[in-house]
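> This is the content of start-v5.cif (mmCIF, N, CA and C atoms):
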```cif
data_start
loop_
_atom_site.label_atom_id
_atom_site.label_comp_id
_atom_site.auth_asym_id
_atom_site.auth_seq_id
_atom_site.Cartn_x
_atom_site.Cartn_y
_atom_site.Cartn_z
N MET A 20 -12.48 1.68 0.75
CA MET A 20 -11.50 1.90 1.79
C MET A 20 -10.79 3.23 1.58
N GLU A 21 -10.39 3.53 0.34
CA GLU A 21 -9.69 4.78 0.06
C GLU A 21 -10.58 5.99 0.37
N GLU A 22 -11.87 5.89 0.11
CA GLU A 22 -12.79 6.98 0.40
C GLU A 22 -12.90 7.22 1.90
N LYS A 23 -12.85 6.16 2.70
CA LYS A 23 -12.88 6.32 4.15
C LYS A 23 -11.64 7.07 4.62
N MET A 24 -10.50 6.78 4.03
CA MET A 24 -9.26 7.46 4.41
C MET A 24 -9.36 8.95 4.10
N LYS A 25 -9.95 9.29 2.97
CA LYS A 25 -10.09 10.70 2.59
C LYS A 25 -11.02 11.43 3.54
N ALA A 26 -12.03 10.74 4.06
CA ALA A 26 -13.02 11.37 4.92
C ALA A 26 -12.51 11.61 6.34
N LYS A 27 -11.42 10.96 6.72
CA LYS A 27 -10.89 11.13 8.07
C LYS A 27 -10.40 12.56 8.25
N LYS A 28 -10.69 13.09 9.42
CA LYS A 28 -10.20 14.41 9.76
C LYS A 28 -9.10 14.28 10.81
N LYS A 29 -8.21 15.22 10.79
CA LYS A 29 -7.14 15.26 11.77
C LYS A 29 -7.51 16.33 12.79
N ALA A 30 -7.46 15.97 14.07
CA ALA A 30 -7.87 16.89 15.12
C ALA A 30 -6.70 17.26 16.01
N MET A 31 -6.77 18.44 16.56
CA MET A 31 -5.79 18.90 17.55
C MET A 31 -6.56 19.33 18.78
N ILE A 32 -5.98 19.13 19.93
CA ILE A 32 -6.61 19.54 21.17
C ILE A 32 -5.89 20.77 21.71
N SER A 33 -6.65 21.77 22.11
CA SER A 33 -6.10 22.95 22.76
C SER A 33 -6.51 22.86 24.21
N GLN A 34 -5.53 22.71 25.07
CA GLN A 34 -5.80 22.37 26.46
C GLN A 34 -4.98 23.24 27.39
N PRO A 35 -5.63 23.85 28.38
CA PRO A 35 -4.86 24.58 29.39
C PRO A 35 -3.93 23.61 30.12
N MET A 36 -2.69 24.03 30.36
CA MET A 36 -1.72 23.14 31.00
C MET A 36 -1.18 23.70 32.31
N ALA A 37 -1.27 24.99 32.50
CA ALA A 37 -0.73 25.61 33.71
C ALA A 37 -1.41 25.02 34.95
N GLY A 38 -0.60 24.61 35.91
CA GLY A 38 -1.12 24.07 37.15
C GLY A 38 -1.56 22.62 37.10
N LYS A 39 -1.38 21.95 35.97
CA LYS A 39 -1.76 20.54 35.84
C LYS A 39 -0.51 19.67 35.86
N THR A 40 -0.67 18.46 36.35
CA THR A 40 0.45 17.52 36.33
C THR A 40 0.58 16.95 34.93
N HIS A 41 1.74 16.39 34.65
CA HIS A 41 1.98 15.75 33.35
C HIS A 41 0.94 14.66 33.11
N GLU A 42 0.62 13.90 34.14
CA GLU A 42 -0.35 12.82 34.02
C GLU A 42 -1.74 13.35 33.68
N GLU A 43 -2.14 14.47 34.29
CA GLU A 43 -3.45 15.06 34.00
C GLU A 43 -3.54 15.53 32.54
N ILE A 44 -2.45 16.07 32.05
CA ILE A 44 -2.42 16.55 30.67
C ILE A 44 -2.49 15.38 29.69
N VAL A 45 -1.65 14.38 29.93
CA VAL A 45 -1.59 13.22 29.03
C VAL A 45 -2.92 12.47 29.01
N GLU A 46 -3.57 12.39 30.16
CA GLU A 46 -4.85 11.69 30.27
C GLU A 46 -5.90 12.25 29.30
N THR A 47 -5.85 13.53 29.02
CA THR A 47 -6.82 14.18 28.15
C THR A 47 -6.50 13.99 26.68
N ARG A 48 -5.30 13.55 26.35
CA ARG A 48 -4.81 13.58 24.96
C ARG A 48 -4.77 12.20 24.31
N ASP A 49 -5.90 11.62 24.07
CA ASP A 49 -5.94 10.34 23.37
C ASP A 49 -6.48 10.54 21.96
N LYS A 50 -5.74 10.09 20.96
CA LYS A 50 -6.15 10.13 19.55
C LYS A 50 -6.27 11.55 18.98
N VAL A 51 -5.38 12.41 19.38
CA VAL A 51 -5.34 13.76 18.79
C VAL A 51 -3.90 14.09 18.45
N VAL A 52 -3.71 15.17 17.69
CA VAL A 52 -2.36 15.62 17.37
C VAL A 52 -1.67 16.01 18.66
N ASN A 53 -0.50 15.49 18.86
CA ASN A 53 0.22 15.76 20.10
C ASN A 53 0.88 17.13 20.04
N THR A 54 0.40 18.02 20.88
CA THR A 54 1.04 19.32 21.00
C THR A 54 1.59 19.51 22.41
N LEU A 55 1.83 18.39 23.07
CA LEU A 55 2.50 18.43 24.37
C LEU A 55 3.98 18.26 24.08
N PHE A 56 4.66 19.37 23.92
CA PHE A 56 6.07 19.34 23.53
C PHE A 56 6.97 19.29 24.74
N THR A 57 8.12 18.69 24.54
CA THR A 57 9.12 18.58 25.61
C THR A 57 10.40 19.29 25.16
N ASP A 58 11.34 19.41 26.07
CA ASP A 58 12.63 20.00 25.71
C ASP A 58 13.29 19.21 24.60
N GLU A 59 13.08 17.91 24.56
CA GLU A 59 13.65 17.05 23.52
C GLU A 59 13.08 17.43 22.15
N ASP A 60 11.79 17.73 22.10
CA ASP A 60 11.16 18.16 20.85
C ASP A 60 11.77 19.46 20.34
N MET A 61 12.14 20.33 21.23
CA MET A 61 12.68 21.63 20.85
C MET A 61 14.05 21.50 20.19
N LYS A 62 14.82 20.52 20.59
CA LYS A 62 16.20 20.39 20.10
C LYS A 62 16.27 20.30 18.59
N GLY A 63 15.46 19.46 17.97
CA GLY A 63 15.53 19.28 16.54
C GLY A 63 14.61 20.19 15.76
N HIS A 64 13.81 20.99 16.45
CA HIS A 64 12.79 21.77 15.78
C HIS A 64 13.27 23.12 15.29
N SER A 65 14.22 23.69 15.96
CA SER A 65 14.60 25.06 15.65
C SER A 65 16.11 25.16 15.52
N ASN A 66 16.56 26.13 14.73
CA ASN A 66 17.99 26.34 14.65
C ASN A 66 18.49 27.20 15.81
N MET A 67 17.57 27.64 16.67
CA MET A 67 17.97 28.37 17.87
C MET A 67 18.42 27.35 18.91
N LYS A 68 19.53 27.62 19.56
CA LYS A 68 19.99 26.69 20.60
C LYS A 68 19.12 26.81 21.84
N ILE A 69 18.88 28.03 22.29
CA ILE A 69 18.02 28.25 23.46
C ILE A 69 17.05 29.37 23.10
N PRO A 70 15.75 29.05 22.95
CA PRO A 70 14.79 30.11 22.65
C PRO A 70 14.78 31.16 23.75
N LEU A 71 14.62 32.40 23.36
CA LEU A 71 14.60 33.49 24.32
C LEU A 71 13.39 33.37 25.24
N TYR A 72 12.26 32.99 24.67
CA TYR A 72 11.04 32.88 25.45
C TYR A 72 10.41 31.53 25.15
N ILE A 73 10.66 30.55 25.98
CA ILE A 73 10.29 29.16 25.71
C ILE A 73 8.78 28.96 25.54
N PRO A 74 7.89 29.55 26.37
CA PRO A 74 6.46 29.34 26.13
C PRO A 74 6.01 29.80 24.74
N LEU A 75 6.58 30.88 24.25
CA LEU A 75 6.25 31.36 22.91
C LEU A 75 6.73 30.38 21.84
N HIS A 76 7.88 29.78 22.09
CA HIS A 76 8.40 28.78 21.15
C HIS A 76 7.46 27.56 21.11
N TYR A 77 7.00 27.12 22.27
CA TYR A 77 6.04 26.00 22.31
C TYR A 77 4.75 26.38 21.58
N LEU A 78 4.29 27.61 21.74
CA LEU A 78 3.08 28.05 21.04
C LEU A 78 3.30 28.02 19.53
N ALA A 79 4.47 28.45 19.09
CA ALA A 79 4.78 28.41 17.65
C ALA A 79 4.75 26.97 17.14
N MET A 80 5.27 26.04 17.92
CA MET A 80 5.25 24.63 17.53
C MET A 80 3.80 24.12 17.46
N SER A 81 2.97 24.58 18.39
CA SER A 81 1.57 24.18 18.41
C SER A 81 0.84 24.71 17.18
N LEU A 82 1.09 25.96 16.82
CA LEU A 82 0.45 26.54 15.63
C LEU A 82 0.90 25.82 14.37
N GLU A 83 2.15 25.41 14.34
CA GLU A 83 2.63 24.62 13.20
C GLU A 83 1.87 23.30 13.11
N SER A 84 1.67 22.63 14.23
CA SER A 84 0.90 21.39 14.25
C SER A 84 -0.54 21.64 13.81
N MET A 85 -1.10 22.77 14.23
CA MET A 85 -2.47 23.12 13.88
C MET A 85 -2.65 23.22 12.36
N SER A 86 -1.59 23.60 11.67
CA SER A 86 -1.69 23.79 10.22
C SER A 86 -1.98 22.50 9.46
N SER A 87 -1.82 21.36 10.11
CA SER A 87 -2.10 20.09 9.45
C SER A 87 -3.42 19.48 9.92
N CYS A 88 -4.23 20.25 10.64
CA CYS A 88 -5.48 19.73 11.20
C CYS A 88 -6.70 20.33 10.53
N ASN A 89 -7.80 19.61 10.64
CA ASN A 89 -9.09 20.07 10.14
C ASN A 89 -9.96 20.60 11.28
N VAL A 90 -9.76 20.03 12.46
CA VAL A 90 -10.62 20.31 13.61
C VAL A 90 -9.73 20.63 14.81
N ILE A 91 -10.14 21.63 15.58
CA ILE A 91 -9.45 21.96 16.82
C ILE A 91 -10.46 21.82 17.95
N TYR A 92 -10.11 21.01 18.94
CA TYR A 92 -10.98 20.77 20.09
C TYR A 92 -10.44 21.57 21.27
N PHE A 93 -11.28 22.44 21.82
CA PHE A 93 -10.88 23.26 22.95
C PHE A 93 -11.47 22.70 24.24
N CYS A 94 -10.58 22.35 25.16
CA CYS A 94 -10.97 21.79 26.45
C CYS A 94 -11.56 22.88 27.34
N PRO A 95 -12.38 22.49 28.32
CA PRO A 95 -12.91 23.47 29.25
C PRO A 95 -11.78 24.29 29.88
N GLY A 96 -12.02 25.56 30.00
CA GLY A 96 -11.03 26.46 30.58
C GLY A 96 -10.11 27.10 29.56
N TRP A 97 -10.29 26.77 28.27
CA TRP A 97 -9.41 27.29 27.23
C TRP A 97 -9.40 28.82 27.22
N GLU A 98 -10.57 29.42 27.51
CA GLU A 98 -10.68 30.87 27.43
C GLU A 98 -9.86 31.59 28.51
N ASN A 99 -9.38 30.84 29.50
CA ASN A 99 -8.57 31.43 30.57
C ASN A 99 -7.07 31.21 30.35
N ALA A 100 -6.71 30.56 29.27
CA ALA A 100 -5.29 30.25 29.00
C ALA A 100 -4.83 31.03 27.77
N ARG A 101 -3.81 31.85 27.95
CA ARG A 101 -3.32 32.73 26.88
C ARG A 101 -3.04 31.97 25.59
N GLY A 102 -2.30 30.86 25.66
CA GLY A 102 -1.96 30.10 24.46
C GLY A 102 -3.19 29.54 23.76
N CYS A 103 -4.15 29.04 24.55
CA CYS A 103 -5.39 28.51 23.97
C CYS A 103 -6.18 29.61 23.27
N ARG A 104 -6.21 30.80 23.86
CA ARG A 104 -6.94 31.91 23.22
C ARG A 104 -6.29 32.27 21.88
N ILE A 105 -4.97 32.26 21.84
CA ILE A 105 -4.27 32.56 20.58
C ILE A 105 -4.57 31.47 19.55
N GLU A 106 -4.54 30.20 19.98
CA GLU A 106 -4.88 29.09 19.07
C GLU A 106 -6.32 29.24 18.58
N HIS A 107 -7.23 29.63 19.45
CA HIS A 107 -8.63 29.82 19.08
C HIS A 107 -8.76 30.91 18.03
N ASP A 108 -8.09 32.03 18.24
CA ASP A 108 -8.15 33.12 17.26
C ASP A 108 -7.61 32.66 15.91
N ALA A 109 -6.51 31.92 15.93
CA ALA A 109 -5.92 31.43 14.67
C ALA A 109 -6.87 30.47 13.97
N ALA A 110 -7.47 29.57 14.73
CA ALA A 110 -8.41 28.61 14.14
C ALA A 110 -9.60 29.35 13.51
N ALA A 111 -10.13 30.33 14.20
CA ALA A 111 -11.27 31.08 13.68
C ALA A 111 -10.89 31.87 12.44
N GLU A 112 -9.76 32.54 12.49
CA GLU A 112 -9.32 33.37 11.36
C GLU A 112 -9.04 32.55 10.10
N TYR A 113 -8.58 31.31 10.29
CA TYR A 113 -8.24 30.48 9.15
C TYR A 113 -9.32 29.46 8.79
N GLY A 114 -10.48 29.57 9.43
CA GLY A 114 -11.64 28.77 9.04
C GLY A 114 -11.58 27.31 9.42
N LEU A 115 -10.82 26.95 10.44
CA LEU A 115 -10.80 25.57 10.90
C LEU A 115 -12.07 25.28 11.69
N GLU A 116 -12.51 24.04 11.63
CA GLU A 116 -13.66 23.62 12.44
C GLU A 116 -13.24 23.67 13.91
N VAL A 117 -14.10 24.22 14.75
CA VAL A 117 -13.81 24.35 16.17
C VAL A 117 -14.86 23.59 16.96
N MET A 118 -14.40 22.84 17.96
CA MET A 118 -15.28 22.10 18.85
C MET A 118 -14.93 22.49 20.28
N TYR A 119 -15.91 22.39 21.16
CA TYR A 119 -15.69 22.75 22.56
C TYR A 119 -16.09 21.60 23.47
N GLY A 120 -15.32 21.43 24.53
CA GLY A 120 -15.62 20.37 25.49
C GLY A 120 -16.24 20.91 26.74
#
```
Output the file's structure in the form of structure tokens.

Amino acid sequence: MEEKMKAKKKAMISQPMAGKTHEEIVETRDKVVNTLFTDEDMKGHSNMKIPLYIPLHYLAMSLESMSSCNVIYFCPGWENARGCRIEHDAAAEYGLEVMYG
């Protein structure tokens, strides 16, 4: 049993979100590291009261989550989303396993 636990990998999904409804985004995110952050998540995450550039702050939170993963899954359309491209570059540079949907 302990060996099975060691063999488990932690995955993160990199998914374009612009132009999608909350329901469409959530539907894609089953059994992966949650990088769908909300304003509530931001409150306890940073000592900044109001980030100057909120999308960049969300990207920073996503990269932090990525640091605890073995595998990053990129959804179709990732190459057209700025944040996903940055996550892809980080995953490649740091040798994480990358998968494509």
> Hey, what comes out of the PyMOL selection byres ((chain A and resi 89-91) around 5) on this file? Could you write it as a PyMOL selection string?
chain A and resi 29-31+87-88+92-93+116-118
> Can you turn the PyMOL selection byres (((chain A and resi 97-113 and name CA) around 8) and name CA) into a concrete residue list for this file, as an NGL selection string?
:A and (33-35 or 78 or 82 or 91 or 93-96 or 114-117)
> What is the atom N of Gly120 in chain A-CA of Glu46 in chain A distance in Å, reported with one decimal?
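About the pair atom N of Gly120 in chain A and CA of Glu46 in chain A: they are 15.4 Å apart.
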> Go ahead and compute the interatomic distance for CA of Ser81 in chain A and CA of Lys27 in chain A, in Å to one decimal.
20.8 Å
> Which distance in Å separates atom C of Tyr119 in chain A and atom N of His41 in chain A, to one decimal?
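Taking atom C of Tyr119 in chain A and atom N of His41 in chain A, their separation equals 21.7 Å.
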> Around all of range 96-100 of chain A's listed atoms, make the axis-aligned box with 6 Å on each side and tell me centre and edge lengths in Å to one decimal, as AutoDock Vina command-line options.

```
--center_x -8.4 --center_y 28.6 --center_z 28.9 --size_x 19.2 --size_y 18.0 --size_z 15.4
```
